[in-house]
Amino acid sequence: MSAAELDVLLGDVWDDRNPVGQRAVLDADERQEMLAEGERVLDDYRLNAEFVPVAYGGRLERADRLAEVLRTLWRRDPCLGLGYGFSSLIASVNIWSSGSEEQRRRAADLLLGNGRIAAAFHELAHGNDFAHAECAAHPEGTGWRLSGRKEIVTNVRRAEAMVLFARTGPGAGSRSHSQFLLTRDDLPAGTIRDLPRFHSSGMRGVQLGGVEFAGCPLPEDALIGSPGQGIEVALRSYQLTRSVGPAMIVGPLDTALRLAVRSSLDRRLYGGRVADLPYVRAVIARAYADLLAMDVFSAVIVRALHLEPESMAVYAPAAKYLNARLLLDAFEDLRAVLGARSYLRQGPYALFQKLARDVAPATFAHVSLSAALVTLLPQLPRLARRSWLDGPPAAPSLFDPVGDLPALSLERLSTGMPRHDGIVGALTELADGVPADDPDPVRRFAARCRDELRAVRDGCAALGPADITIDASPAAFALADRYTTVLAAASALAVWRRCGTRYPDAALLGALDRLTGRMGGPPVLTPAEREDVERRLFDLAVERCLDSRLFDLSARRVPDASSPHAPRT
């Protein structure tokens, strides 16, 4: 099974007769329900097999394939993407990473039978501060006794099992919490109580609930790993989800961009089409460039799970942070193209307002953007002093989005600090000896990114102990933000150096122009060069839209040619 096969099963999203098309998705959202017919299609596709390693009967072997399948689903309905899919992945990866053989087989059997596993980590009083979680499991005999609450948990009421994060020690350090695998049917009556559903403005169809435990006994074999390993297991496991997630959320932006292009071609204003207005064309081109920047960055990061696993403690939160920021900014830009249509809950463009509401909570799923930067901060001073501008580049295969990969090995992921930064090493190699005024715009971008790296290196090397914690200064957080942008730009440069002939050169230049724009300072492109790049990107966006192709690097054809709302040209 593949992403293309899932697209065929889901059918034409724009056909109102399609039981899993736009009309059905919007109706389910109005009812604040999961799309039942969509879940049946995903059962038939056996989506959960994507989350189960091949060794246990599933299809999880390549992270890039997993990301492409999830992107296909999120392009159509993020509620299905989270409520059916991503939530079970977040939970189960902890089991594949650190669970016993018996736990892995139990989880595999449950998922392959179209069951669900909830990730019960969150407590409203503490948010992403897992080290202060209060839900506690105390040793009792050979097992444990669990008391406390978990809140804002996807599918907790309807999941057959859950991975639960609980305090197992009195201290505040990283060794005071553990993870447990609980199966609902095995818990004694009266020891678990479901809390009322939490209603939200976005992801309205997702069942966000809570659960309260009152002296609930847990068997010895419910523990995942060893006592006190809860945070370590989570940090290692989340390197997978925080890498796949940034690739996945390109999907909703693809649909939003498609709606904006169609609206600009369809709507008449000031005696012509909205698409004739230079401002609208520029906004669409820039949002398309943002999508391409997200796609190329996430493609490299997902491959790094296989090829540079020792660096994922840095790469995963960097991708999580920057792609979320680019996504939110692009949605706001596209809102200006659709105007009042971006708020309508009926009509051919109503899917935009749902996607805009859904992507906001999706960007902080199981870790907020500020928490992602906090994860980065302690590692940046060491990399600045020991690696940046001097470290070796990553292998060229890291920068080939369609190249072969070894099988994914979660055992190779580490919570320790990486010794070098191969993506930045590739930038250093690319920019070596390039003057800032080089006539080649790509080489100028490389020189600009090298200069930005030097400034970030000097700032990070000077960070003191107080600036690598949650209490860090705004300037420290800004340095971490700038590093993520350099990392994305380095990824784009290295991809196009290795296989740029596969992709339109306007895609590279547009993505780099948007990324370096986030760095501040004068633009790298001249006004004439930027105008030419944006013109070509707009034309490419229209071409991809009318040809029913994805906007990402794959340019894969998708089944939406039968749209009753195809633009008038």
# chains A, B, ... in the order shown; residues from 1 in each chain; ligands from 1

call {"tool": "closest_atom_pairs", "arguments": {"of": "region 482-528 of chain A", "to": "region 533-546 of chain A", "cutoff": "7 Å", "atoms": "only C-alpha atoms", "output": "CSV"}}
result
residue,atom,partner,partner_atom,distance
A:Ala506,CA,A:Val533,CA,5.4
A:Ala507,CA,A:Leu537,CA,6.9
A:Leu509,CA,A:Val533,CA,7.0
A:Gly510,CA,A:Val533,CA,6.3

call {"tool": "write_last_selection", "arguments": {"atoms": "C-alpha atoms", "output": "tab-separated table (two decimals), in the first residue's frame"}}
result
chain	number	residue	atom	x	y	z
A	506	ALA	CA	12.39	28.86	-9.03
A	507	ALA	CA	11.44	26.45	-6.25
A	509	LEU	CA	15.28	30.35	-5.13
A	510	GLY	CA	11.83	31.04	-3.74

call {"tool": "residues_around", "arguments": {"residues": "region 434-438 of chain A", "least_positions_apart": "5", "cutoff": "7 Å", "atoms": "only C-alpha atoms", "output": "list in words"}}
result
Arg443, Arg444, Ala447 and Arg448 of chain A

call {"tool": "write_last_selection", "arguments": {"atoms": "C-alpha atoms", "output": "compact mmCIF listing (two decimals), in the first residue's frame"}}
result
# COMPACT_ATOMS: atom_id res chain seq x y z
CA ARG A 443 25.90 30.97 -4.39
CA ARG A 444 24.90 34.34 -2.93
CA ALA A 447 27.24 33.06 1.37
CA ARG A 448 24.40 34.81 3.18

call {"tool": "closest_residue", "arguments": {"among": "A:Ala462, A:Val524, A:Ala24, A:Cys135", "to": "Glu212 (chain A)", "atoms": "only C-alpha atoms"}}
result
A:Cys135

call {"tool": "closest_atom_pairs", "arguments": {"of": "region 266-331 of chain A", "to": "region 365-387 of chain A", "cutoff": "8 Å", "atoms": "only C-alpha atoms", "output": "tab-separated table"}}
result
residue	atom	partner	partner_atom	distance
A:Ala313	CA	A:Leu376	CA	7.9
A:Val314	CA	A:Leu376	CA	5.9
A:Pro317	CA	A:Ala372	CA	5.0
A:Ala318	CA	A:Ala372	CA	7.0
A:Lys320	CA	A:Ala372	CA	7.0
A:Tyr321	CA	A:Leu369	CA	5.3
A:Ala324	CA	A:Leu369	CA	7.7

call {"tool": "write_last_selection", "arguments": {"atoms": "N, CA and C atoms", "output": "PDB file, in the first residue's frame"}}
result
ATOM      1  N   ALA A 313      18.284  14.634  18.317  1.00  0.00           N
ATOM      2  CA  ALA A 313      17.912  15.422  19.494  1.00  0.00           C
ATOM      3  C   ALA A 313      17.929  16.917  19.173  1.00  0.00           C
ATOM      4  N   VAL A 314      18.667  17.301  18.127  1.00  0.00           N
ATOM      5  CA  VAL A 314      18.685  18.684  17.656  1.00  0.00           C
ATOM      6  C   VAL A 314      17.758  18.856  16.457  1.00  0.00           C
ATOM      7  N   PRO A 317      13.457  18.717  17.088  1.00  0.00           N
ATOM      8  CA  PRO A 317      12.782  19.922  17.590  1.00  0.00           C
ATOM      9  C   PRO A 317      12.962  21.130  16.686  1.00  0.00           C
ATOM     10  N   ALA A 318      14.088  21.192  15.962  1.00  0.00           N
ATOM     11  CA  ALA A 318      14.281  22.311  15.036  1.00  0.00           C
ATOM     12  C   ALA A 318      13.239  22.280  13.924  1.00  0.00           C
ATOM     13  N   LYS A 320      10.344  20.647  14.029  1.00  0.00           N
ATOM     14  CA  LYS A 320       9.036  20.837  14.667  1.00  0.00           C
ATOM     15  C   LYS A 320       8.735  22.324  14.807  1.00  0.00           C
ATOM     16  N   TYR A 321       9.693  23.089  15.270  1.00  0.00           N
ATOM     17  CA  TYR A 321       9.482  24.512  15.512  1.00  0.00           C
ATOM     18  C   TYR A 321       9.310  25.285  14.203  1.00  0.00           C
ATOM     19  N   ALA A 324       6.251  24.518  11.843  1.00  0.00           N
ATOM     20  CA  ALA A 324       5.012  25.018  12.440  1.00  0.00           C
ATOM     21  C   ALA A 324       4.887  26.523  12.260  1.00  0.00           C
TER      22      ALA A 324
END

call {"tool": "closest_residue", "arguments": {"among": "A:Thr526, A:Gln229, A:Ser397, A:Ser263", "to": "Glu308 (chain A)", "atoms": "only C-alpha atoms"}}
result
A:Ser397

call {"tool": "select_by_dssp", "arguments": {"residues": "region 265-490 of chain A", "states": "strand (DSSP E or B)", "output": "ChimeraX atom specification"}}
result
/A:268-269,272-273

call {"tool": "write_last_selection", "arguments": {"atoms": "C-alpha atoms", "output": "compact mmCIF listing (two decimals), in the first residue's frame"}}
result
# COMPACT_ATOMS: atom_id res chain seq x y z
CA ARG A 268 -13.82 38.64 -10.48
CA LEU A 269 -12.71 41.97 -9.03
CA GLY A 272 -10.68 41.23 -14.04
CA ARG A 273 -9.67 38.15 -12.13

call {"tool": "residues_around", "arguments": {"residues": "Thr183 (chain A)", "least_positions_apart": "5", "cutoff": "9 Å", "atoms": "only C-alpha atoms", "output": "PyMOL selection string"}}
result
chain A and resi 117+159-162+222

call {"tool": "write_last_selection", "arguments": {"atoms": "C-alpha atoms", "output": "mmCIF file, in the first residue's frame"}}
result
data_model
loop_
_atom_site.group_PDB
_atom_site.id
_atom_site.type_symbol
_atom_site.label_atom_id
_atom_site.label_comp_id
_atom_site.auth_asym_id
_atom_site.auth_seq_id
_atom_site.Cartn_x
_atom_site.Cartn_y
_atom_site.Cartn_z
ATOM 1 C CA ILE A 117 -3.735 3.453 21.677
ATOM 2 C CA ALA A 159 -9.022 3.713 22.838
ATOM 3 C CA GLU A 160 -8.579 0.090 23.823
ATOM 4 C CA ALA A 161 -5.224 0.870 25.457
ATOM 5 C CA MET A 162 -3.122 3.826 26.515
ATOM 6 C CA ALA A 222 2.559 -2.736 32.596
#

call {"tool": "closest_residue", "arguments": {"among": "A:Val211, A:Leu42, A:Leu218, A:Leu453", "to": "Leu9 (chain A)", "atoms": "only C-alpha atoms"}}
result
A:Leu42

call {"tool": "residues_around", "arguments": {"residues": "Val337 (chain A)", "least_positions_apart": "3", "cutoff": "8 Å", "atoms": "only C-alpha atoms", "output": "list in words"}}
result
Ala260, Ser263, Ser264, Val280, Val283, Ile284, Asp333 and Leu334 of chain A

call {"tool": "closest_atom_pairs", "arguments": {"of": "region 361-449 of chain A", "to": "region 492-503 of chain A", "cutoff": "7 Å", "atoms": "only C-alpha atoms", "output": "JSON lines"}}
result
{"residue": "A:Phe399", "atom": "CA", "partner": "A:Val495", "partner_atom": "CA", "distance": 4.7}
{"residue": "A:Asp400", "atom": "CA", "partner": "A:Val495", "partner_atom": "CA", "distance": 6.2}
{"residue": "A:Ala426", "atom": "CA", "partner": "A:Ala494", "partner_atom": "CA", "distance": 6.6}

call {"tool": "write_last_selection", "arguments": {"atoms": "C-alpha atoms", "output": "JSON list (two decimals), in the first residue's frame"}}
result
[["chain", "number", "residue", "atom", "x", "y", "z"],
["A", 399, "PHE", "CA", 20.08, 15.22, 0.66],
["A", 400, "ASP", "CA", 18.43, 12.97, -1.93],
["A", 426, "ALA", "CA", 27.21, 20.78, 4.24]]

call {"tool": "residues_around", "arguments": {"residues": "Leu322 (chain A)", "least_positions_apart": "5", "cutoff": "9 Å", "atoms": "only C-alpha atoms", "output": "JSON, numbers by chain"}}
result
{"A": [246, 294, 317, 327, 369, 481, 484, 485, 488]}

call {"tool": "decode", "arguments": {"residues": "region 480-540 of chain A", "atoms": "C-alpha atoms", "output": "compact mmCIF listing (two decimals), in the first residue's frame"}}
result
# COMPACT_ATOMS: atom_id res chain seq x y z
CA ALA A 480 17.58 29.19 18.65
CA ASP A 481 14.98 30.47 16.17
CA ARG A 482 17.71 31.75 13.85
CA TYR A 483 19.54 28.42 14.02
CA THR A 484 16.44 26.55 12.79
CA THR A 485 16.27 28.88 9.79
CA VAL A 486 19.93 28.34 8.96
CA LEU A 487 19.40 24.58 9.22
CA ALA A 488 16.44 24.71 6.81
CA ALA A 489 18.32 26.89 4.31
CA ALA A 490 21.35 24.58 4.48
CA SER A 491 19.05 21.63 3.78
CA ALA A 492 17.57 23.34 0.73
CA LEU A 493 20.98 24.29 -0.66
CA ALA A 494 22.36 20.78 -0.18
CA VAL A 495 19.30 19.12 -1.79
CA TRP A 496 19.49 21.25 -4.89
CA ARG A 497 23.25 20.81 -5.11
CA ARG A 498 22.79 17.03 -5.21
CA CYS A 499 19.65 16.70 -7.33
CA GLY A 500 18.47 20.16 -8.28
CA THR A 501 17.94 19.24 -11.92
CA ARG A 502 14.85 17.29 -10.84
CA TYR A 503 13.13 20.41 -9.55
CA PRO A 504 12.31 23.85 -10.99
CA ASP A 505 15.04 26.33 -10.05
CA ALA A 506 12.39 28.86 -9.03
CA ALA A 507 11.44 26.45 -6.25
CA LEU A 508 14.94 26.61 -4.75
CA LEU A 509 15.28 30.35 -5.13
CA GLY A 510 11.83 31.04 -3.74
CA ALA A 511 12.36 28.82 -0.69
CA LEU A 512 15.75 30.37 0.03
CA ASP A 513 14.40 33.88 -0.42
CA ARG A 514 11.70 33.22 2.18
CA LEU A 515 14.11 31.59 4.63
CA THR A 516 16.77 34.30 4.37
CA GLY A 517 14.01 36.88 4.70
CA ARG A 518 13.42 35.48 8.18
CA MET A 519 17.07 36.18 8.98
CA GLY A 520 16.64 39.93 8.49
CA GLY A 521 18.93 42.26 6.64
CA PRO A 522 18.87 43.25 2.96
CA PRO A 523 17.38 40.78 0.47
CA VAL A 524 19.75 38.50 -1.42
CA LEU A 525 17.82 38.72 -4.68
CA THR A 526 17.66 41.94 -6.61
CA PRO A 527 14.14 43.36 -7.14
CA ALA A 528 14.17 42.10 -10.74
CA GLU A 529 15.32 38.63 -9.68
CA ARG A 530 12.65 38.39 -6.98
CA GLU A 531 9.93 39.54 -9.37
CA ASP A 532 11.00 36.88 -11.87
CA VAL A 533 11.08 34.12 -9.22
CA GLU A 534 7.65 35.06 -7.89
CA ARG A 535 6.21 35.19 -11.41
CA ARG A 536 7.52 31.70 -12.16
CA LEU A 537 6.32 30.34 -8.82
CA PHE A 538 2.82 31.72 -9.36
CA ASP A 539 2.70 30.23 -12.85
CA LEU A 540 3.91 26.90 -11.48
